[in-house]
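**Student:** So that you have it, the file is coords-v9.cif, and it contains mmCIF, C-alpha atoms and all ligand atoms:
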data_my_file
#
loop_
_atom_site.label_atom_id
_atom_site.label_comp_id
_atom_site.auth_asym_id
_atom_site.auth_seq_id
_atom_site.Cartn_x
_atom_site.Cartn_y
_atom_site.Cartn_z
CA MET A 1 0.00 0.00 0.00
CA ASP A 2 1.22 3.49 -0.89
CA LEU A 3 1.88 5.86 2.01
CA LYS A 4 0.23 8.70 0.15
CA GLY A 5 -2.83 9.99 1.97
CA LEU A 6 -2.11 7.97 5.13
CA ILE A 7 -1.43 9.33 8.60
CA ASP A 8 1.34 9.06 11.18
CA CYS A 9 -0.09 10.05 14.53
CA HIS A 10 2.69 9.08 16.91
CA THR A 11 6.11 10.74 16.50
CA HIS A 12 8.73 12.31 18.75
CA CYS A 13 11.05 15.21 18.00
CA ARG A 14 14.09 16.46 19.93
CA PHE A 15 11.83 17.76 22.69
CA SER A 16 11.38 14.17 23.78
CA PRO A 17 14.34 12.98 25.86
CA ASP A 18 14.84 10.06 23.51
CA GLY A 19 13.99 12.01 20.34
CA GLN A 20 16.54 13.49 17.96
CA ASP A 21 15.35 15.87 15.29
CA GLU A 22 13.75 19.27 15.01
CA PRO A 23 9.97 19.09 14.49
CA SER A 24 10.49 20.76 11.11
CA LYS A 25 12.48 17.71 9.97
CA LEU A 26 9.62 15.36 10.90
CA VAL A 27 7.14 17.54 9.05
CA GLU A 28 9.44 17.71 6.02
CA LYS A 29 9.63 13.91 5.92
CA ALA A 30 5.84 13.61 6.22
CA GLU A 31 5.48 16.02 3.28
CA GLN A 32 7.94 14.01 1.19
CA LEU A 33 5.93 10.85 1.88
CA GLY A 34 2.68 12.55 0.91
CA LEU A 35 1.03 11.86 4.27
CA LYS A 36 -2.37 13.36 5.01
CA ALA A 37 -1.55 14.14 8.65
CA ILE A 38 1.33 14.00 11.08
CA ALA A 39 1.00 14.31 14.84
CA VAL A 40 4.05 15.26 16.87
CA THR A 41 3.45 13.65 20.25
CA ASP A 42 6.32 14.32 22.62
CA HIS A 43 6.55 12.46 25.89
CA CYS A 44 4.98 13.65 29.07
CA GLU A 45 6.02 11.01 31.60
CA CYS A 46 3.63 12.38 34.18
CA ASN A 47 5.18 10.49 37.11
CA THR A 48 8.82 11.10 36.25
CA TRP A 49 10.78 14.15 37.23
CA PHE A 50 14.09 15.02 35.64
CA GLU A 51 16.71 17.75 35.65
CA PRO A 52 16.14 20.50 33.06
CA GLU A 53 19.05 19.16 30.95
CA TYR A 54 17.07 16.00 30.39
CA TYR A 55 14.66 18.10 28.40
CA GLY A 56 17.34 20.03 26.58
CA ILE A 57 16.88 23.05 28.83
CA ASP A 58 19.97 24.97 29.96
CA SER A 59 19.82 24.83 33.78
CA SER A 60 21.43 28.26 34.06
CA LYS A 61 18.31 29.61 32.36
CA ALA A 62 15.87 27.48 34.35
CA ASP A 63 14.03 29.05 37.23
CA PRO A 64 14.83 26.91 40.29
CA ASP A 65 11.65 28.06 41.98
CA ASP A 66 9.50 26.82 39.16
CA ILE A 67 8.87 23.26 40.18
CA VAL A 68 7.04 22.54 36.95
CA MET A 69 10.29 23.30 35.15
CA TYR A 70 11.51 19.90 36.21
CA ASN A 71 8.75 17.86 34.76
CA CYS A 72 7.30 17.28 31.40
CA LYS A 73 5.05 20.28 31.25
CA SER A 74 7.84 22.74 30.59
CA PHE A 75 9.14 20.26 28.16
CA HIS A 76 5.89 20.21 26.32
CA ASP A 77 5.92 24.01 26.24
CA SER A 78 9.27 23.80 24.50
CA SER A 79 7.79 21.95 21.55
CA LEU A 80 4.79 24.25 21.43
CA GLN A 81 6.56 27.25 19.93
CA PRO A 82 8.13 25.49 16.92
CA MET A 83 4.93 23.56 16.24
CA ASN A 84 2.92 26.78 16.25
CA GLU A 85 5.39 28.36 13.82
CA LEU A 86 5.22 25.33 11.56
CA LYS A 87 1.43 25.39 11.56
CA LYS A 88 1.53 28.90 10.12
CA GLN A 89 3.47 27.71 7.07
CA ASP A 90 2.00 26.14 3.95
CA HIS A 91 2.32 22.36 3.96
CA GLY A 92 -0.03 21.63 1.08
CA GLU A 93 -2.36 18.75 1.89
CA LEU A 94 -0.51 17.80 5.07
CA VAL A 95 -2.31 18.51 8.36
CA LEU A 96 -0.12 19.22 11.40
CA VAL A 97 -1.39 17.97 14.71
CA HIS A 98 0.14 19.05 17.98
CA GLY A 99 -0.14 16.12 20.30
CA ILE A 100 1.37 14.73 23.44
CA GLU A 101 1.97 11.22 24.76
CA PHE A 102 1.02 10.85 28.39
CA GLY A 103 3.01 8.21 30.23
CA GLN A 104 1.10 6.72 33.19
CA PRO A 105 -1.13 9.77 33.83
CA LEU A 106 -2.77 8.14 36.86
CA GLN A 107 0.60 7.95 38.61
CA ALA A 108 0.65 11.79 38.74
CA GLU A 109 -2.87 12.81 37.97
CA ASN A 110 -2.36 16.48 38.91
CA ILE A 111 0.30 16.86 36.21
CA ALA A 112 -1.88 15.12 33.63
CA ASN A 113 -4.91 17.24 34.51
CA GLU A 114 -2.98 20.45 33.85
CA LEU A 115 -2.33 19.35 30.30
CA VAL A 116 -5.75 17.80 29.69
CA ASN A 117 -7.18 21.31 29.89
CA ASP A 118 -4.50 22.95 27.74
CA LYS A 119 -6.39 24.19 24.69
CA ARG A 120 -3.21 24.31 22.60
CA ILE A 121 -3.08 20.52 22.45
CA ASP A 122 -5.03 18.83 19.64
CA PHE A 123 -4.49 15.27 20.59
CA ILE A 124 -3.48 13.11 23.55
CA ILE A 125 -2.15 9.56 23.47
CA GLY A 126 -2.58 7.70 26.78
CA SER A 127 0.24 5.24 27.41
CA LEU A 128 1.50 3.10 30.26
CA HIS A 129 5.26 2.59 30.22
CA ASN A 130 5.60 1.27 33.76
CA ASN A 131 3.37 -0.44 36.27
CA SER A 132 2.79 1.60 39.39
CA GLY A 133 5.89 1.55 41.61
CA LYS A 134 7.97 -0.33 39.03
CA PRO A 135 10.51 0.87 36.43
CA ASP A 136 9.70 1.29 32.72
CA PHE A 137 9.27 -2.12 31.06
CA TYR A 138 12.34 -1.18 29.04
CA TYR A 139 14.58 -1.57 32.11
CA LEU A 140 13.38 -4.94 33.43
CA GLU A 141 15.46 -8.11 33.04
CA TYR A 142 12.96 -10.70 31.91
CA ASP A 143 15.51 -13.51 31.63
CA LYS A 144 15.89 -13.32 35.42
CA MET A 145 12.15 -13.66 35.99
CA SER A 146 9.98 -16.75 36.31
CA PHE A 147 6.99 -17.25 34.06
CA GLN A 148 4.83 -16.52 37.10
CA GLN A 149 6.52 -13.16 37.65
CA ILE A 150 6.12 -12.14 34.00
CA ASP A 151 2.49 -13.27 34.11
CA THR A 152 1.84 -11.15 37.22
CA LEU A 153 3.55 -8.17 35.59
CA LEU A 154 1.35 -8.46 32.50
CA LYS A 155 -1.82 -8.96 34.55
CA GLU A 156 -1.01 -5.77 36.44
CA TYR A 157 -0.17 -3.97 33.20
CA PHE A 158 -3.54 -4.70 31.59
CA GLU A 159 -5.42 -3.91 34.81
CA GLN A 160 -3.64 -0.56 35.09
CA VAL A 161 -4.31 0.20 31.41
CA LEU A 162 -7.97 -0.51 32.14
CA GLU A 163 -7.93 1.95 35.07
CA MET A 164 -6.36 4.54 32.76
CA CYS A 165 -9.13 3.93 30.21
CA ILE A 166 -11.82 4.34 32.86
CA TRP A 167 -10.17 7.70 33.75
CA GLY A 168 -10.24 8.33 30.03
CA LYS A 169 -8.75 11.83 29.64
CA PHE A 170 -7.00 11.11 26.35
CA ASP A 171 -8.02 10.42 22.75
CA ILE A 172 -6.15 7.28 21.76
CA LEU A 173 -4.73 4.42 23.81
CA GLY A 174 -1.00 4.16 23.04
CA HIS A 175 0.66 0.91 22.04
CA LEU A 176 -1.43 -1.63 23.92
CA THR A 177 0.92 -4.61 24.57
CA TYR A 178 3.93 -2.30 25.06
CA PRO A 179 5.67 -4.77 27.47
CA LEU A 180 5.90 -7.29 24.63
CA ARG A 181 8.34 -4.97 22.85
CA TYR A 182 10.85 -6.12 25.47
CA ILE A 183 9.53 -9.44 26.81
CA SER A 184 9.05 -11.01 23.37
CA GLY A 185 11.02 -8.62 21.15
CA LYS A 186 14.23 -8.10 23.08
CA TYR A 187 14.22 -11.25 25.27
CA GLY A 188 12.51 -13.65 22.87
CA ILE A 189 10.05 -14.90 25.51
CA SER A 190 6.75 -15.83 23.87
CA VAL A 191 3.55 -14.81 25.59
CA ASP A 192 0.01 -16.02 24.94
CA ILE A 193 -1.72 -12.65 25.02
CA LEU A 194 -5.16 -14.26 25.11
CA ARG A 195 -4.50 -15.15 28.79
CA TYR A 196 -5.43 -11.50 29.39
CA ARG A 197 -8.36 -11.44 27.01
CA LYS A 198 -11.02 -10.63 29.63
CA THR A 199 -9.22 -7.47 30.76
CA ILE A 200 -8.37 -6.52 27.17
CA GLU A 201 -12.05 -6.82 26.24
CA LYS A 202 -12.94 -4.54 29.16
CA ILE A 203 -10.29 -2.07 27.95
CA PHE A 204 -11.89 -2.04 24.50
CA THR A 205 -15.49 -1.73 25.72
CA THR A 206 -14.47 1.10 28.06
CA LEU A 207 -12.72 2.96 25.24
CA ILE A 208 -15.64 2.45 22.88
CA SER A 209 -18.23 3.67 25.39
CA ASN A 210 -16.09 6.79 26.05
CA ASN A 211 -15.71 7.48 22.33
CA LYS A 212 -11.94 6.87 22.46
CA GLY A 213 -9.82 4.77 20.16
CA ILE A 214 -6.71 2.64 19.91
CA GLU A 215 -3.64 3.05 17.78
CA ILE A 216 -1.79 0.54 15.68
CA ASN A 217 1.75 1.34 16.76
CA THR A 218 4.08 0.16 14.01
CA SER A 219 7.42 0.60 15.80
CA GLY A 220 7.48 -3.11 16.66
CA LEU A 221 7.63 -3.91 12.94
CA TYR A 222 11.02 -2.28 12.54
CA THR A 223 12.46 -3.35 15.91
CA ASP A 224 12.87 -6.81 17.50
CA LEU A 225 9.17 -7.57 18.01
CA LYS A 226 8.33 -7.79 14.27
CA LYS A 227 4.66 -7.13 15.08
CA THR A 228 2.50 -4.09 15.59
CA MET A 229 1.32 -3.10 19.08
CA PRO A 230 -1.34 -4.34 19.38
CA ASP A 231 -1.07 -7.03 16.72
CA ALA A 232 -3.70 -8.02 14.15
CA GLN A 233 -5.58 -10.48 16.40
CA LEU A 234 -6.24 -7.77 19.01
CA VAL A 235 -7.11 -5.17 16.36
CA LYS A 236 -9.66 -7.67 15.05
CA LEU A 237 -11.00 -8.24 18.57
CA TYR A 238 -11.39 -4.47 18.97
CA LYS A 239 -13.29 -4.28 15.69
CA ASP A 240 -15.50 -7.28 16.60
CA ILE A 241 -16.41 -5.65 19.92
CA GLY A 242 -17.52 -2.52 18.05
CA GLY A 243 -14.38 -0.37 17.84
CA GLU A 244 -14.56 2.33 15.18
CA ILE A 245 -11.85 4.84 16.07
CA ILE A 246 -8.39 3.66 15.11
CA SER A 247 -5.19 5.60 14.57
CA ILE A 248 -1.79 4.60 13.22
CA GLY A 249 1.60 5.77 14.44
CA SER A 250 5.20 4.90 13.70
CA ASP A 251 6.44 6.06 17.14
CA ALA A 252 9.37 7.52 15.19
CA HIS A 253 12.05 9.08 17.36
CA ARG A 254 13.96 10.39 14.29
CA ALA A 255 12.75 12.09 11.14
CA GLU A 256 13.92 9.21 8.96
CA ASP A 257 11.50 6.84 10.74
CA VAL A 258 8.40 8.95 10.11
CA GLY A 259 5.94 6.80 8.15
CA ARG A 260 7.84 3.60 8.90
CA GLY A 261 5.50 0.61 9.01
CA ILE A 262 2.46 2.81 8.39
CA ALA A 263 1.52 1.04 5.14
CA GLN A 264 1.59 -2.35 6.91
CA GLY A 265 -0.39 -0.88 9.80
CA ALA A 266 -3.02 0.42 7.39
CA GLN A 267 -3.18 -2.99 5.75
CA ILE A 268 -3.80 -4.63 9.14
CA ALA A 269 -6.59 -2.12 9.84
CA LYS A 270 -8.10 -2.92 6.43
CA ASP A 271 -7.79 -6.67 6.90
CA CYS A 272 -9.57 -6.34 10.25
CA GLY A 273 -12.50 -4.58 8.61
CA PHE A 274 -11.72 -0.89 9.07
CA ASP A 275 -12.31 1.33 6.07
CA HIS A 276 -10.94 4.44 7.73
CA VAL A 277 -8.37 5.62 10.27
CA ALA A 278 -8.48 8.79 12.33
CA TYR A 279 -6.28 11.71 13.29
CA PHE A 280 -7.44 14.32 15.80
CA LYS A 281 -8.06 18.06 15.80
CA ASN A 282 -9.22 19.64 19.06
CA HIS A 283 -9.65 16.11 20.40
CA GLU A 284 -12.21 15.30 17.70
CA PRO A 285 -11.53 12.43 15.28
CA VAL A 286 -11.11 13.30 11.61
CA PHE A 287 -11.56 10.19 9.51
CA VAL A 288 -9.36 9.33 6.54
CA ASN A 289 -10.43 6.62 4.12
CA LEU A 290 -8.15 3.66 3.61
ZN ZN B 301 5.18 5.19 24.37
ZN ZN B 302 5.96 7.26 21.78
#
In structure tokens, what does this structure look like?
Ligand SMILES: [Zn+2]
Ligand SMILES: [Zn+2]
**Tutor:**
Amino acid sequence: MDLKGLIDCHTHCRFSPDGQDEPSKLVEKAEQLGLKAIAVTDHCECNTWFEPEYYGIDSSKADPDDIVMYNCKSFHDSSLQPMNELKKQDHGELVLVHGIEFGQPLQAENIANELVNDKRIDFIIGSLHNNSGKPDFYYLEYDKMSFQQIDTLLKEYFEQVLEMCIWGKFDILGHLTYPLRYISGKYGISVDILRYRKTIEKIFTTLISNNKGIEINTSGLYTDLKKTMPDAQLVKLYKDIGGEIISIGSDAHRAEDVGRGIAQGAQIAKDCGFDHVAYFKNHEPVFVNL
């Protein structure tokens, strides 16, 4: 499938700690690919506080009294200015969406709530990168864990995703099955995801009743996992339960990865019975035909 007219609604620029490029570079790449929309969705790890340098802010210029300076909000404000400038320029058919990716909003709800009400944000992805009280799934050593421990971790993950969906102050659920990027992708441990089917079904019904959607995150296709997050069987389950709102994102952390895997992601959506995908403006879905 051609990338022309498709969307990439999950990307990070240099204002994410693990991102590299200027937002203009991401937008340029999206234009070259002929995408219909690109959302720049820098991280807001609501529960994680870092030094200003972590966000690319010179500490000599940071106000030590401004406690917010040390969390993701100031960071988000840093990406706001360039995105606003870019929006003023002509990008032809390409729509620019200013988004944000919440990490574990319920682990610092006050921080999340500040941004939920920020009218400058078009679009919010709700993600869970760590279970409450535990490190990011990225840091865990799964080869030192028993099957039972991994099972407990995943049970907790899906239950906490469900709680986040019941809270519901976001537009799209980010990369459901994120822990598999490491458990199965990096460590090669296979997991029968249908063990968690009951909770996953509750996640989907909660999202659907709140008019929220899921994304097909394609980053797993070009890293170790070799699958989207979630994969086709869960996308199909979402559709069968009545899901209508679906987005696609590469989770690119560099301009060169914008659009990566998006064609395969769109094909999965199509194969599962979706005839459109959605990007967001002012938290409202805008549907794009597949
Ligand atoms: Zn994420
Ligand atoms: Zn991301």
**Student:** Check which residues fall inside 12 Å of ligand ZN 301 (chain B) when counting all atoms listed in the file, and print them as a ChimeraX atom specification.
**Tutor:** /A:10-12,16,18-19,41-45,100-104,124-130,136-138,172-179,181,215,217-220,229,249-253
**Student:** Generate the output file for the selected residues, C-alpha atoms, as a tab-separated table (two decimals), keeping the file's coordinate frame.
**Tutor:**
chain	number	residue	atom	x	y	z
A	10	HIS	CA	2.69	9.08	16.91
A	11	THR	CA	6.11	10.74	16.50
A	12	HIS	CA	8.73	12.31	18.75
A	16	SER	CA	11.38	14.17	23.78
A	18	ASP	CA	14.84	10.06	23.51
A	19	GLY	CA	13.99	12.01	20.34
A	41	THR	CA	3.45	13.65	20.25
A	42	ASP	CA	6.32	14.32	22.62
A	43	HIS	CA	6.55	12.46	25.89
A	44	CYS	CA	4.98	13.65	29.07
A	45	GLU	CA	6.02	11.01	31.60
A	100	ILE	CA	1.37	14.73	23.44
A	101	GLU	CA	1.97	11.22	24.76
A	102	PHE	CA	1.02	10.85	28.39
A	103	GLY	CA	3.01	8.21	30.23
A	104	GLN	CA	1.10	6.72	33.19
A	124	ILE	CA	-3.48	13.11	23.55
A	125	ILE	CA	-2.15	9.56	23.47
A	126	GLY	CA	-2.58	7.70	26.78
A	127	SER	CA	0.24	5.24	27.41
A	128	LEU	CA	1.50	3.10	30.26
A	129	HIS	CA	5.26	2.59	30.22
A	130	ASN	CA	5.60	1.27	33.76
A	136	ASP	CA	9.70	1.29	32.72
A	137	PHE	CA	9.27	-2.12	31.06
A	138	TYR	CA	12.34	-1.18	29.04
A	172	ILE	CA	-6.15	7.28	21.76
A	173	LEU	CA	-4.73	4.42	23.81
A	174	GLY	CA	-1.00	4.16	23.04
A	175	HIS	CA	0.66	0.91	22.04
A	176	LEU	CA	-1.43	-1.63	23.92
A	177	THR	CA	0.92	-4.61	24.57
A	178	TYR	CA	3.93	-2.30	25.06
A	179	PRO	CA	5.67	-4.77	27.47
A	181	ARG	CA	8.34	-4.97	22.85
A	215	GLU	CA	-3.64	3.05	17.78
A	217	ASN	CA	1.75	1.34	16.76
A	218	THR	CA	4.08	0.16	14.01
A	219	SER	CA	7.42	0.60	15.80
A	220	GLY	CA	7.48	-3.11	16.66
A	229	MET	CA	1.32	-3.10	19.08
A	249	GLY	CA	1.60	5.77	14.44
A	250	SER	CA	5.20	4.90	13.70
A	251	ASP	CA	6.44	6.06	17.14
A	252	ALA	CA	9.37	7.52	15.19
A	253	HIS	CA	12.05	9.08	17.36
**Student:** Go ahead and compute the interatomic distance for CA of Gly213 (chain A) and CA of Ile248 (chain A), in Å to one decimal.
**Tutor:**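 Between these atoms lies a distance of 10.6 Å.
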**Student:** Identify, on the basis of all atoms listed in the file, every residue whose closest approach to region 147-155 of chain A does not exceed 9 Å; exclude the query and any residue fewer than 6 positions from it along the same chain; express the result as a list in words.
**Tutor:**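 My list of contacting residues is Asn131, Thr177, Pro179, Ile183, Val191, Arg195, Tyr196 and Thr199 of chain A.
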**Student:** What does the distance between CA of Thr206 (chain A) and CA of Leu162 (chain A) come to in Å, to one decimal place?
**Tutor:**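 Answer for the CA of Thr206 (chain A) to CA of Leu162 (chain A) separation: 7.8 Å.
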**Student:** Restricting the calculation to all atoms listed in the file: of A:Met164, A:Ile216, A:Leu194, A:Leu96, which residue gets closest to ligand ZN 302 (chain B)?
**Tutor:**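 Closest residue, counting all atoms listed in the file: A:Ile216.
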**Student:** Starting from the incomplete input, reconstruct N, CA, C and O atoms of region 255-267 of chain A and write that as an mmCIF file, in the coordinates of the input.
**Tutor:**
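The result, stored in rebuild.cif:
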data_model
loop_
_atom_site.group_PDB
_atom_site.id
_atom_site.type_symbol
_atom_site.label_atom_id
_atom_site.label_comp_id
_atom_site.auth_asym_id
_atom_site.auth_seq_id
_atom_site.Cartn_x
_atom_site.Cartn_y
_atom_site.Cartn_z
ATOM 1 N N ALA A 255 13.512 11.722 12.341
ATOM 2 C CA ALA A 255 12.750 12.090 11.140
ATOM 3 C C ALA A 255 12.738 10.954 10.121
ATOM 4 O O ALA A 255 11.728 10.709 9.458
ATOM 5 N N GLU A 256 13.847 10.243 10.005
ATOM 6 C CA GLU A 256 13.920 9.210 8.960
ATOM 7 C C GLU A 256 12.938 8.051 9.216
ATOM 8 O O GLU A 256 12.640 7.284 8.294
ATOM 9 N N ASP A 257 12.453 7.929 10.449
ATOM 10 C CA ASP A 257 11.500 6.840 10.740
ATOM 11 C C ASP A 257 10.038 7.257 10.600
ATOM 12 O O ASP A 257 9.137 6.419 10.775
ATOM 13 N N VAL A 258 9.790 8.523 10.305
ATOM 14 C CA VAL A 258 8.400 8.950 10.110
ATOM 15 C C VAL A 258 7.789 8.113 8.972
ATOM 16 O O VAL A 258 8.419 7.916 7.927
ATOM 17 N N GLY A 259 6.622 7.595 9.185
ATOM 18 C CA GLY A 259 5.940 6.800 8.150
ATOM 19 C C GLY A 259 6.346 5.344 8.125
ATOM 20 O O GLY A 259 5.757 4.535 7.402
ATOM 21 N N ARG A 260 7.321 4.978 8.953
ATOM 22 C CA ARG A 260 7.840 3.600 8.900
ATOM 23 C C ARG A 260 6.784 2.611 9.425
ATOM 24 O O ARG A 260 6.265 2.769 10.519
ATOM 25 N N GLY A 261 6.477 1.624 8.622
ATOM 26 C CA GLY A 261 5.500 0.610 9.010
ATOM 27 C C GLY A 261 4.048 1.039 8.836
ATOM 28 O O GLY A 261 3.132 0.244 9.055
ATOM 29 N N ILE A 262 3.835 2.295 8.464
ATOM 30 C CA ILE A 262 2.460 2.810 8.390
ATOM 31 C C ILE A 262 1.633 2.072 7.320
ATOM 32 O O ILE A 262 0.460 1.774 7.530
ATOM 33 N N ALA A 263 2.260 1.755 6.196
ATOM 34 C CA ALA A 263 1.520 1.040 5.140
ATOM 35 C C ALA A 263 1.073 -0.333 5.640
ATOM 36 O O ALA A 263 -0.077 -0.735 5.427
ATOM 37 N N GLN A 264 1.972 -1.039 6.352
ATOM 38 C CA GLN A 264 1.590 -2.350 6.910
ATOM 39 C C GLN A 264 0.500 -2.197 7.965
ATOM 40 O O GLN A 264 -0.413 -3.012 8.057
ATOM 41 N N GLY A 265 0.631 -1.142 8.767
ATOM 42 C CA GLY A 265 -0.390 -0.880 9.800
ATOM 43 C C GLY A 265 -1.748 -0.633 9.176
ATOM 44 O O GLY A 265 -2.766 -1.146 9.649
ATOM 45 N N ALA A 266 -1.761 0.135 8.087
ATOM 46 C CA ALA A 266 -3.020 0.420 7.390
ATOM 47 C C ALA A 266 -3.602 -0.853 6.803
ATOM 48 O O ALA A 266 -4.815 -1.066 6.812
ATOM 49 N N GLN A 267 -2.714 -1.717 6.316
ATOM 50 C CA GLN A 267 -3.180 -2.990 5.750
ATOM 51 C C GLN A 267 -3.826 -3.861 6.828
ATOM 52 O O GLN A 267 -4.866 -4.484 6.593
#
